[in-house]
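start-v1.tsv follows (TSV, C-alpha atoms):
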```
chain	number	residue	atom	x	y	z
B	55	MET	CA	-7.71	-4.68	19.20
B	56	ASN	CA	-7.66	-5.78	15.56
B	57	ARG	CA	-4.25	-4.78	14.18
B	58	VAL	CA	-4.97	-5.84	10.58
B	59	ARG	CA	-5.68	-3.21	7.93
B	60	ARG	CA	-6.76	-3.62	4.29
B	61	ILE	CA	-5.95	-1.38	1.32
B	62	GLN	CA	-7.66	-1.67	-2.08
B	63	LEU	CA	-5.50	-1.15	-5.14
B	64	ILE	CA	-5.64	-0.89	-8.91
B	65	ASP	CA	-2.23	-1.56	-10.46
B	66	THR	CA	-1.57	0.08	-13.81
B	67	HIS	CA	1.34	0.85	-16.08
B	68	SER	CA	2.00	3.53	-18.64
B	69	GLY	CA	4.96	3.10	-20.92
B	70	GLY	CA	6.21	0.35	-18.58
B	71	ASP	CA	6.17	2.45	-15.40
B	72	VAL	CA	3.94	0.78	-12.79
B	73	SER	CA	1.62	3.07	-10.84
B	74	ARG	CA	-0.31	1.58	-7.93
B	75	ILE	CA	-3.60	3.45	-7.44
B	76	VAL	CA	-4.93	3.38	-3.86
B	77	THR	CA	-8.72	3.58	-4.03
B	78	SER	CA	-9.71	2.85	-0.41
B	79	GLY	CA	-8.37	1.83	2.96
B	80	ILE	CA	-6.99	5.27	3.88
B	81	GLY	CA	-8.79	7.65	6.23
B	82	LEU	CA	-9.48	11.33	5.59
B	83	LEU	CA	-6.27	13.35	5.60
B	84	PRO	CA	-5.94	16.79	7.20
B	85	GLY	CA	-5.49	19.71	4.81
B	86	GLY	CA	-7.54	22.27	2.93
B	87	ASN	CA	-6.35	21.12	-0.48
B	88	VAL	CA	-4.44	18.26	-2.08
B	89	ARG	CA	-1.07	20.00	-1.65
B	90	GLU	CA	-1.67	20.32	2.10
B	91	LYS	CA	-2.76	16.69	2.33
B	92	MET	CA	0.46	15.69	0.58
B	93	GLU	CA	2.49	17.80	3.00
B	94	TYR	CA	0.74	16.13	5.94
B	95	LEU	CA	1.82	12.71	4.67
B	96	GLN	CA	5.31	14.01	3.98
B	97	LYS	CA	5.78	15.44	7.48
B	98	HIS	CA	3.70	13.16	9.70
B	99	ALA	CA	2.83	9.88	7.96
B	100	ASP	CA	5.55	9.00	5.46
B	101	GLY	CA	5.24	5.39	6.60
B	102	LEU	CA	2.43	4.88	4.09
B	103	ARG	CA	4.71	5.70	1.17
B	104	LYS	CA	7.46	3.48	2.56
B	105	LEU	CA	5.02	0.62	3.16
B	106	LEU	CA	3.65	0.61	-0.40
B	107	ILE	CA	6.93	1.22	-2.26
B	108	ASN	CA	9.32	-1.01	-0.33
B	109	GLU	CA	9.42	-4.77	0.11
B	110	PRO	CA	7.48	-6.85	0.85
B	111	TYR	CA	4.54	-4.86	-0.53
B	112	GLY	CA	6.24	-3.05	-3.40
B	113	ILE	CA	9.50	-2.22	-5.16
B	114	PRO	CA	11.30	1.12	-5.63
B	115	GLU	CA	10.65	1.12	-9.40
B	116	MET	CA	6.91	1.61	-8.91
B	117	SER	CA	4.89	4.70	-7.99
B	118	VAL	CA	1.84	5.04	-5.75
B	119	ASP	CA	-1.10	7.37	-6.42
B	120	LEU	CA	-3.42	7.90	-3.48
B	121	ILE	CA	-6.95	9.00	-4.37
B	122	VAL	CA	-8.13	11.76	-1.99
B	123	GLU	CA	-10.97	14.25	-1.77
B	124	PRO	CA	-10.41	17.29	-4.02
B	125	SER	CA	-10.78	20.83	-2.71
B	126	HIS	CA	-11.66	22.49	-6.02
B	127	PRO	CA	-15.34	22.25	-7.04
B	128	ASP	CA	-14.43	21.45	-10.66
B	129	ALA	CA	-12.26	18.44	-9.78
B	130	VAL	CA	-13.80	14.95	-9.69
B	131	ALA	CA	-10.97	13.55	-7.54
B	132	GLY	CA	-7.62	14.44	-6.05
B	133	TYR	CA	-4.46	12.36	-6.09
B	134	ILE	CA	-1.15	12.38	-4.24
B	135	ILE	CA	1.92	10.97	-5.99
B	136	MET	CA	4.38	8.95	-3.94
B	137	GLU	CA	7.65	7.68	-5.36
B	138	VAL	CA	10.90	6.30	-4.01
B	139	MET	CA	12.46	9.78	-3.97
B	140	GLY	CA	9.51	11.37	-2.18
B	141	TYR	CA	6.42	13.29	-3.26
B	142	PRO	CA	6.54	14.83	-6.77
B	143	VAL	CA	3.90	17.52	-7.12
B	144	TYR	CA	3.11	16.32	-10.65
B	145	SER	CA	3.85	13.44	-13.01
B	146	GLY	CA	2.62	12.72	-16.52
B	147	SER	CA	2.71	8.92	-16.31
B	148	ASN	CA	1.08	8.92	-12.86
B	149	THR	CA	-1.65	11.25	-14.10
B	150	ILE	CA	-2.29	9.04	-17.14
B	151	CYS	CA	-2.46	5.96	-14.89
B	152	THR	CA	-4.68	7.60	-12.29
B	153	ALA	CA	-7.15	8.89	-14.89
B	154	THR	CA	-7.31	5.45	-16.53
B	155	ALA	CA	-7.90	3.66	-13.21
B	156	LEU	CA	-10.65	6.10	-12.22
B	157	LEU	CA	-12.44	5.56	-15.52
B	158	GLU	CA	-12.05	1.78	-15.76
B	159	SER	CA	-13.13	1.29	-12.13
B	160	GLY	CA	-16.23	3.46	-12.59
B	161	ILE	CA	-15.18	5.97	-9.92
B	162	VAL	CA	-15.40	8.48	-12.78
B	163	PRO	CA	-18.21	7.35	-15.11
B	164	MET	CA	-16.83	6.40	-18.53
B	165	GLN	CA	-18.38	7.79	-21.72
B	166	GLU	CA	-18.00	6.22	-25.15
B	167	GLY	CA	-15.81	8.34	-27.40
B	168	GLU	CA	-14.13	11.43	-26.00
B	169	GLN	CA	-14.67	12.99	-22.60
B	170	GLU	CA	-13.03	15.60	-20.41
B	171	PHE	CA	-12.71	15.98	-16.66
B	172	ILE	CA	-10.44	17.59	-14.07
B	173	LEU	CA	-8.30	16.06	-11.35
B	174	GLU	CA	-6.57	17.94	-8.53
B	175	SER	CA	-2.87	17.22	-8.08
B	176	PRO	CA	-0.58	18.77	-5.45
B	177	ALA	CA	0.54	21.19	-8.19
B	178	GLY	CA	-3.03	22.26	-8.99
B	179	LEU	CA	-5.71	21.22	-11.46
B	180	ALA	CA	-4.91	18.62	-14.11
B	181	HIS	CA	-7.16	18.78	-17.18
B	182	ILE	CA	-7.77	15.34	-18.66
B	183	GLY	CA	-8.94	14.32	-22.13
B	184	ALA	CA	-9.82	10.63	-22.51
B	185	LYS	CA	-10.61	8.53	-25.56
B	186	CYS	CA	-12.66	5.47	-24.61
B	187	HIS	CA	-14.10	2.58	-26.62
B	188	ASN	CA	-16.01	-0.53	-25.52
B	189	GLY	CA	-15.32	0.06	-21.85
B	190	ARG	CA	-11.57	0.59	-22.27
B	191	VAL	CA	-9.45	3.70	-22.17
B	192	GLU	CA	-7.55	4.01	-25.45
B	193	SER	CA	-5.52	7.11	-24.57
B	194	ILE	CA	-5.22	9.92	-22.05
B	195	THR	CA	-4.09	13.45	-22.81
B	196	CYS	CA	-3.20	15.44	-19.72
B	197	GLU	CA	-2.23	19.04	-19.34
B	198	GLY	CA	1.47	19.27	-18.58
B	199	LEU	CA	2.53	21.90	-16.09
B	200	PRO	CA	3.85	25.16	-17.57
B	201	SER	CA	7.51	24.30	-18.19
B	202	TYR	CA	10.57	26.50	-18.44
B	203	ILE	CA	14.35	26.50	-18.54
B	204	ALA	CA	15.84	27.68	-15.24
B	205	ALA	CA	19.50	27.39	-16.33
B	206	TYR	CA	21.03	26.77	-19.75
B	207	LYS	CA	24.21	24.86	-20.53
B	208	GLU	CA	25.77	25.04	-17.12
B	209	LYS	CA	29.00	23.13	-16.51
B	210	ILE	CA	29.87	20.99	-13.54
B	211	ASN	CA	32.87	18.80	-12.79
B	212	VAL	CA	31.81	15.30	-11.80
B	213	LYS	CA	34.28	12.96	-10.11
B	214	GLY	CA	35.12	10.04	-12.38
B	215	ILE	CA	33.46	11.66	-15.40
B	216	GLY	CA	34.93	15.13	-15.86
B	217	ASP	CA	33.17	18.28	-17.02
B	218	VAL	CA	29.47	17.76	-17.79
B	219	THR	CA	27.19	20.26	-19.52
B	220	TYR	CA	23.57	20.33	-18.40
B	221	SER	CA	20.49	22.52	-18.63
B	222	LEU	CA	17.94	22.77	-15.82
B	223	ALA	CA	14.23	22.59	-16.60
B	224	TRP	CA	11.11	22.75	-14.47
B	225	SER	CA	8.16	20.67	-15.71
B	226	GLY	CA	6.52	19.33	-12.55
B	227	GLY	CA	9.89	18.63	-10.96
B	228	PHE	CA	13.33	20.01	-11.71
B	229	TYR	CA	15.20	18.10	-14.41
B	230	GLY	CA	18.85	18.08	-15.27
B	231	LEU	CA	18.92	17.70	-19.07
B	232	ILE	CA	22.00	15.97	-20.49
B	233	ASP	CA	22.99	15.36	-24.11
B	234	ALA	CA	23.52	11.60	-24.05
B	235	THR	CA	25.85	11.61	-27.06
B	236	GLU	CA	28.30	13.93	-25.29
B	237	LEU	CA	28.83	11.15	-22.74
B	238	GLY	CA	29.07	8.43	-25.38
B	239	PHE	CA	25.60	6.91	-24.90
B	240	ASN	CA	23.33	5.70	-27.72
B	241	LEU	CA	20.37	5.23	-25.34
B	242	GLU	CA	20.02	1.49	-25.85
B	243	LEU	CA	18.58	-0.91	-23.29
B	244	LYS	CA	21.94	-2.61	-22.72
B	245	GLU	CA	23.30	0.73	-21.45
B	246	GLU	CA	20.73	0.96	-18.63
B	247	PRO	CA	23.04	0.01	-15.71
B	248	GLU	CA	25.74	2.42	-16.88
B	249	LEU	CA	23.20	5.18	-17.48
B	250	ALA	CA	21.90	4.77	-13.92
B	251	ALA	CA	25.41	4.80	-12.43
B	252	THR	CA	26.43	7.86	-14.46
B	253	ALA	CA	23.22	9.71	-13.63
B	254	PHE	CA	23.71	9.09	-9.92
B	255	LYS	CA	27.13	10.75	-9.99
B	256	ILE	CA	25.90	13.75	-12.00
B	257	THR	CA	22.76	14.24	-9.90
B	258	GLU	CA	24.69	14.11	-6.64
B	259	ALA	CA	27.15	16.70	-7.98
B	260	ILE	CA	24.38	19.08	-9.07
B	261	ARG	CA	22.52	18.67	-5.78
B	262	LYS	CA	25.46	19.95	-3.74
B	263	ASP	CA	24.91	23.53	-4.93
B	264	PHE	CA	21.23	23.30	-5.91
B	265	ARG	CA	19.40	26.46	-4.82
B	266	HIS	CA	16.47	26.67	-7.25
B	267	GLU	CA	12.87	27.24	-6.18
B	268	HIS	CA	9.73	27.40	-8.27
B	269	PRO	CA	8.54	31.03	-8.53
B	270	GLU	CA	4.97	30.09	-7.56
B	271	LEU	CA	5.23	26.77	-5.68
B	272	GLY	CA	8.30	27.75	-3.67
B	273	ASN	CA	10.65	25.08	-2.33
B	274	VAL	CA	9.88	21.79	-4.09
B	275	GLY	CA	12.88	19.91	-2.70
B	276	PRO	CA	16.25	18.88	-4.13
B	277	LEU	CA	16.87	17.99	-7.77
B	278	PRO	CA	14.91	14.73	-8.28
B	279	PHE	CA	15.46	13.85	-11.95
B	280	LEU	CA	18.11	13.59	-14.64
B	281	HIS	CA	17.06	13.16	-18.26
B	282	PHE	CA	19.38	11.86	-20.97
B	283	MET	CA	18.48	13.27	-24.39
B	284	GLY	CA	19.16	11.58	-27.70
B	285	PRO	CA	19.24	13.32	-31.10
B	286	VAL	CA	16.02	14.96	-32.30
B	287	SER	CA	14.75	13.74	-35.68
B	288	LYS	CA	12.01	15.32	-37.80
B	289	VAL	CA	9.59	12.54	-38.76
B	290	ALA	CA	6.90	14.67	-40.44
B	291	GLU	CA	5.86	18.30	-40.73
B	292	GLY	CA	5.56	19.62	-37.18
B	293	ARG	CA	6.44	16.25	-35.64
B	294	PHE	CA	9.73	15.33	-33.99
B	295	GLU	CA	11.08	12.22	-32.25
B	296	SER	CA	13.90	11.62	-29.81
B	297	PRO	CA	15.22	8.74	-27.66
B	298	SER	CA	15.34	9.45	-23.93
B	299	ALA	CA	16.07	7.99	-20.53
B	300	THR	CA	15.04	9.43	-17.15
B	301	TYR	CA	16.87	8.66	-13.90
B	302	VAL	CA	14.84	8.88	-10.68
B	303	HIS	CA	16.77	7.00	-7.98
B	304	PRO	CA	20.01	5.05	-7.52
B	305	GLY	CA	19.78	2.12	-9.93
B	306	VAL	CA	16.40	3.20	-11.34
B	307	ILE	CA	15.84	4.40	-14.92
B	308	CYS	CA	12.16	4.93	-15.79
B	309	ARG	CA	10.62	2.34	-18.09
B	310	SER	CA	8.63	5.09	-19.81
B	311	PRO	CA	10.05	8.24	-21.42
B	312	THR	CA	8.21	10.16	-18.61
B	313	GLY	CA	5.60	12.83	-19.13
B	314	THR	CA	7.37	15.55	-17.17
B	315	GLY	CA	10.61	14.61	-18.96
B	316	THR	CA	8.82	15.15	-22.27
B	317	SER	CA	7.52	18.53	-21.06
B	318	ALA	CA	11.08	19.46	-20.04
B	319	ARG	CA	12.29	18.59	-23.55
B	320	LEU	CA	9.60	20.82	-25.07
B	321	ALA	CA	10.76	23.68	-22.83
B	322	LEU	CA	14.35	23.22	-24.04
B	323	MET	CA	13.37	23.02	-27.71
B	324	HIS	CA	11.32	26.20	-27.26
B	325	TYR	CA	14.25	27.91	-25.52
B	326	GLU	CA	16.52	26.98	-28.43
B	327	GLY	CA	13.97	28.01	-31.07
B	328	LEU	CA	13.59	24.47	-32.43
B	329	ILE	CA	9.81	24.05	-32.10
B	330	LYS	CA	6.72	26.13	-32.86
B	331	PRO	CA	3.23	26.19	-31.32
B	332	GLY	CA	1.17	23.25	-32.55
B	333	GLU	CA	4.20	21.03	-33.07
B	334	SER	CA	4.96	17.88	-31.07
B	335	LEU	CA	7.83	15.75	-29.80
B	336	GLU	CA	7.52	11.99	-29.33
B	337	THR	CA	9.96	10.76	-26.72
B	338	VAL	CA	11.05	7.11	-26.89
B	339	SER	CA	12.26	5.15	-23.86
B	340	LEU	CA	14.95	2.46	-23.69
B	341	ARG	CA	12.11	-0.08	-24.05
B	342	ASN	CA	10.63	1.68	-27.10
B	343	THR	CA	7.60	2.97	-25.19
B	344	ARG	CA	6.41	6.41	-26.24
B	345	PHE	CA	4.75	9.61	-25.06
B	346	VAL	CA	3.78	12.51	-27.28
B	347	GLY	CA	4.26	16.06	-26.00
B	348	THR	CA	2.54	18.92	-27.82
B	349	TYR	CA	3.63	22.53	-27.41
B	350	TYR	CA	0.54	24.67	-27.89
B	351	GLY	CA	1.42	28.10	-26.52
B	352	ASP	CA	3.72	30.39	-24.59
B	353	THR	CA	3.43	31.21	-20.93
B	354	LYS	CA	5.26	33.06	-18.16
B	355	ILE	CA	6.18	31.51	-14.83
B	356	GLY	CA	7.50	34.24	-12.58
B	357	GLY	CA	10.27	35.84	-14.64
B	358	TYR	CA	10.70	32.82	-16.92
B	359	HIS	CA	9.34	32.32	-20.43
B	360	GLY	CA	8.00	28.81	-20.84
B	361	VAL	CA	5.67	26.52	-22.74
B	362	SER	CA	2.11	25.38	-22.26
B	363	ASN	CA	1.98	21.73	-23.22
B	364	ARG	CA	-0.02	18.51	-23.26
B	365	ILE	CA	1.18	14.92	-22.87
B	366	THR	CA	-0.56	11.97	-24.55
B	367	GLY	CA	-0.06	8.33	-23.61
B	368	LYS	CA	-1.84	5.11	-22.78
B	369	ALA	CA	-2.13	3.19	-19.54
B	370	GLN	CA	-3.10	-0.41	-18.93
B	371	VAL	CA	-4.84	-1.84	-15.87
B	372	ILE	CA	-2.80	-4.90	-14.88
B	373	ALA	CA	-4.27	-5.92	-11.51
B	374	ARG	CA	-7.01	-5.23	-8.98
B	375	SER	CA	-6.14	-6.36	-5.49
B	376	GLU	CA	-6.33	-5.90	-1.75
B	377	ILE	CA	-3.27	-5.94	0.44
B	378	VAL	CA	-3.44	-7.02	4.06
B	379	VAL	CA	-1.26	-5.09	6.49
B	380	ASP	CA	-0.63	-6.64	9.90
B	381	LEU	CA	0.68	-3.84	12.09
B	382	ASP	CA	2.38	-6.42	14.33
B	383	GLU	CA	4.27	-8.07	11.46
B	384	PRO	CA	8.07	-7.66	11.90
B	385	LEU	CA	8.62	-6.19	8.42
B	386	VAL	CA	5.96	-3.50	8.96
B	387	ASP	CA	6.88	-0.29	10.79
B	388	PRO	CA	3.58	0.80	12.40
B	389	THR	CA	4.96	4.06	13.82
B	390	ASP	CA	2.74	6.46	11.87
B	391	LEU	CA	0.55	4.08	9.85
B	392	GLU	CA	-2.30	4.19	12.36
B	393	LEU	CA	-2.61	7.92	11.64
B	394	VAL	CA	-3.80	7.24	8.10
B	395	LEU	CA	-5.03	3.64	7.73
B	396	ASP	CA	-8.76	2.98	8.14
B	397	THR	CA	-9.68	0.73	11.03
```

Structure re-expressed in structure tokens:
Amino acid sequence: MNRVRRIQLIDTHSGGDVSRIVTSGIGLLPGGNVREKMEYLQKHADGLRKLLINEPYGIPEMSVDLIVEPSHPDAVAGYIIMEVMGYPVYSGSNTICTATALLESGIVPMQEGEQEFILESPAGLAHIGAKCHNGRVESITCEGLPSYIAAYKEKINVKGIGDVTYSLAWSGGFYGLIDATELGFNLELKEEPELAATAFKITEAIRKDFRHEHPELGNVGPLPFLHFMGPVSKVAEGRFESPSATYVHPGVICRSPTGTGTSARLALMHYEGLIKPGESLETVSLRNTRFVGTYYGDTKIGGYHGVSNRITGKAQVIARSEIVVDLDEPLVDPTDLELVLDT
């Protein structure tokens, strides 16, 4: 029996965060919608995520977006997000990358100028606005998930650091929001190793007593993200800017300012009365890459008051490739891969 499998990929990045888009090589997954397909992978075939994120095929800093059949009639495609920490139900940078790859590959026909379409994520429908010119995607605006503050200015004692104040936001994943200046950080690239080490300690401390669930999505797992916030500056009428850094895994700070991190910041600014509908916040990463989050209305999520928001960014296609997986190769664990890889 042939034990070699092939997977077709489009590698992209948005704000420096690499997203690997899987366009073919995977069989049909069980499940009535994209969330159920994601849960199937999570419970029965997590080997695919491990294969594509870990060496020798990948690295923990990258994400994987698997294109799957949508269940909703309005969606042109579905996608499942896989990262080193697991399966986020939504991600701004991954959505921007996936939409760009679909357009530039022709899977979704590209139109000159502006066009709109809908993708289906595990969290539900993602409304996409694309600006395209001469066969290239110039920018993607995606609908952020309704975002809210679940806890405000909680205190926790962290070994080796002391008392830390944090707020907890939901924006597609739960975020611990930390004022970077209170811990002595200026959010400069040279601080990246120390930021990652500090974030690991804080995240582990918060996770010990973490009991939060999303009022509609239910249990979405342990706290995945910590977001360091720099000072907010007003750069024009209705426009704000702030440095940021998002921690996702031991040793890993996102290259981009992160879309869901930007949505979380909008939720906090709304909670504190610092932003009005129609105004925007541009978050700036350690590498000076930028996303723009726009707060356009109020919403309710369960008993929480939150914000409706959009995230705008740009992605770049950096490679088109095929990887060859030999199921008998010593560095490949074939345990559950044959459940999902095409023959």

Item to check | Residue nearest B:Ala184 - candidates B:Glu336, B:Glu166, B:Glu291, B:Asp71, atoms counted: only C-alpha atoms | outcome: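 Nearest candidate to B:Ala184 out of B:Glu336, B:Glu166, B:Glu291, B:Asp71: B:Glu166.
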
Checklist entry - Using only C-alpha atoms, which of B:Gly85, B:Leu335, B:Ser145, B:His187 sits nearest B:Val286? => result B:Leu335

Next on the checklist: With 7 Å as the threshold, what does the neighbourhood of (19.1, 24.3, -17.8) contain in terms of residues, counting only C-alpha atoms? Coordinates are those of the file; answer as a list in words.
Outcome noted: Ile203, Ala204, Ala205, Tyr206, Lys207, Glu208, Tyr220, Ser221, Leu222, Ala223, Gly230 and Leu231 of chain B

Item to check | Residue neighbourhood B:Gly146, 8 Å, all atoms listed in the file, exclusion window fewer than 6 positions, as a ChimeraX atom specification | outcome: /B:196,198,312-314,365

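Among the candidate residues B:Leu277, B:Leu156, B:Leu173, B:Leu340, the one lying nearest to B:Trp224 is B:Leu277, with distances computed using only C-alpha atoms.
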
Item to check | Contacts of B:Leu120 within 10 Å, only C-alpha atoms, excl. fewer than 5 positions in-chain, as an MDAnalysis selection string | outcome: chainID B and resid 63 74:78 80 92 103 132:136 152

Item to check | atom CA of B:Asn240 to atom CA of B:Tyr202, distance in Å rounded to a single decimal | outcome: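 About the pair atom CA of B:Asn240 and atom CA of B:Tyr202: they are 26.1 Å apart.
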
Checklist entry - What is the atom CA of B:Lys288 to atom CA of B:Cys151 distance in Å? => result 28.7 Å

Need the shell around B:Arg60: protein/DNA/RNA residues with any atom at most 9 Å away, counting all atoms listed in the file. Skip same-chain ones fewer than 4 positions apart. Format as a PDB file with C-alpha atoms, keeping the file's coordinate frame?
```pdb
ATOM      1  CA  SER B  78      -9.710   2.850  -0.410  1.00  0.00           C
ATOM      2  CA  GLY B  79      -8.370   1.830   2.960  1.00  0.00           C
ATOM      3  CA  ILE B  80      -6.990   5.270   3.880  1.00  0.00           C
ATOM      4  CA  GLU B 376      -6.330  -5.900  -1.750  1.00  0.00           C
ATOM      5  CA  ILE B 377      -3.270  -5.940   0.440  1.00  0.00           C
ATOM      6  CA  VAL B 378      -3.440  -7.020   4.060  1.00  0.00           C
ATOM      7  CA  VAL B 379      -1.260  -5.090   6.490  1.00  0.00           C
ATOM      8  CA  ASP B 380      -0.630  -6.640   9.900  1.00  0.00           C
ATOM      9  CA  LEU B 395      -5.030   3.640   7.730  1.00  0.00           C
ATOM     10  CA  ASP B 396      -8.760   2.980   8.140  1.00  0.00           C
ATOM     11  CA  THR B 397      -9.680   0.730  11.030  1.00  0.00           C
TER      12      THR B 397
END
```

Completion of stretch 205-217 of chain B up to N, CA, C and O atoms, as a compact mmCIF listing (two decimals), in the coordinates of the input:
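So selection25.txt came out as:
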```
# COMPACT_ATOMS: atom_id res chain seq x y z
N ALA B 205 18.07 27.16 -16.09
CA ALA B 205 19.50 27.39 -16.33
C ALA B 205 19.85 26.68 -17.63
O ALA B 205 19.36 25.58 -17.90
N TYR B 206 20.73 27.31 -18.41
CA TYR B 206 21.03 26.77 -19.75
C TYR B 206 22.52 26.52 -19.91
O TYR B 206 23.34 27.40 -19.68
N LYS B 207 22.84 25.29 -20.24
CA LYS B 207 24.21 24.86 -20.53
C LYS B 207 25.20 25.28 -19.45
O LYS B 207 26.21 25.92 -19.71
N GLU B 208 24.85 24.89 -18.23
CA GLU B 208 25.77 25.04 -17.12
C GLU B 208 26.81 23.92 -17.18
O GLU B 208 26.56 22.86 -17.75
N LYS B 209 27.97 24.17 -16.56
CA LYS B 209 29.00 23.13 -16.51
C LYS B 209 29.29 22.76 -15.06
O LYS B 209 29.30 23.62 -14.18
N ILE B 210 29.52 21.47 -14.86
CA ILE B 210 29.87 20.99 -13.54
C ILE B 210 30.89 19.87 -13.69
O ILE B 210 30.83 19.08 -14.63
N ASN B 211 31.86 19.87 -12.76
CA ASN B 211 32.87 18.80 -12.79
C ASN B 211 32.40 17.66 -11.91
O ASN B 211 32.07 17.85 -10.74
N VAL B 212 32.33 16.48 -12.49
CA VAL B 212 31.81 15.30 -11.80
C VAL B 212 32.95 14.30 -11.63
O VAL B 212 33.60 13.91 -12.62
N LYS B 213 33.19 13.89 -10.40
CA LYS B 213 34.28 12.96 -10.11
C LYS B 213 34.10 11.67 -10.91
O LYS B 213 33.04 11.06 -10.91
N GLY B 214 35.15 11.26 -11.59
CA GLY B 214 35.12 10.04 -12.38
C GLY B 214 34.58 10.21 -13.77
O GLY B 214 34.65 9.28 -14.59
N ILE B 215 34.01 11.40 -14.07
CA ILE B 215 33.46 11.66 -15.40
C ILE B 215 34.14 12.85 -16.07
O ILE B 215 34.49 12.81 -17.25
N GLY B 216 34.36 13.91 -15.30
CA GLY B 216 34.93 15.13 -15.86
C GLY B 216 33.88 16.21 -15.97
O GLY B 216 32.85 16.19 -15.27
N ASP B 217 34.12 17.18 -16.84
CA ASP B 217 33.17 18.28 -17.02
C ASP B 217 31.92 17.78 -17.75
O ASP B 217 32.01 17.11 -18.78
```
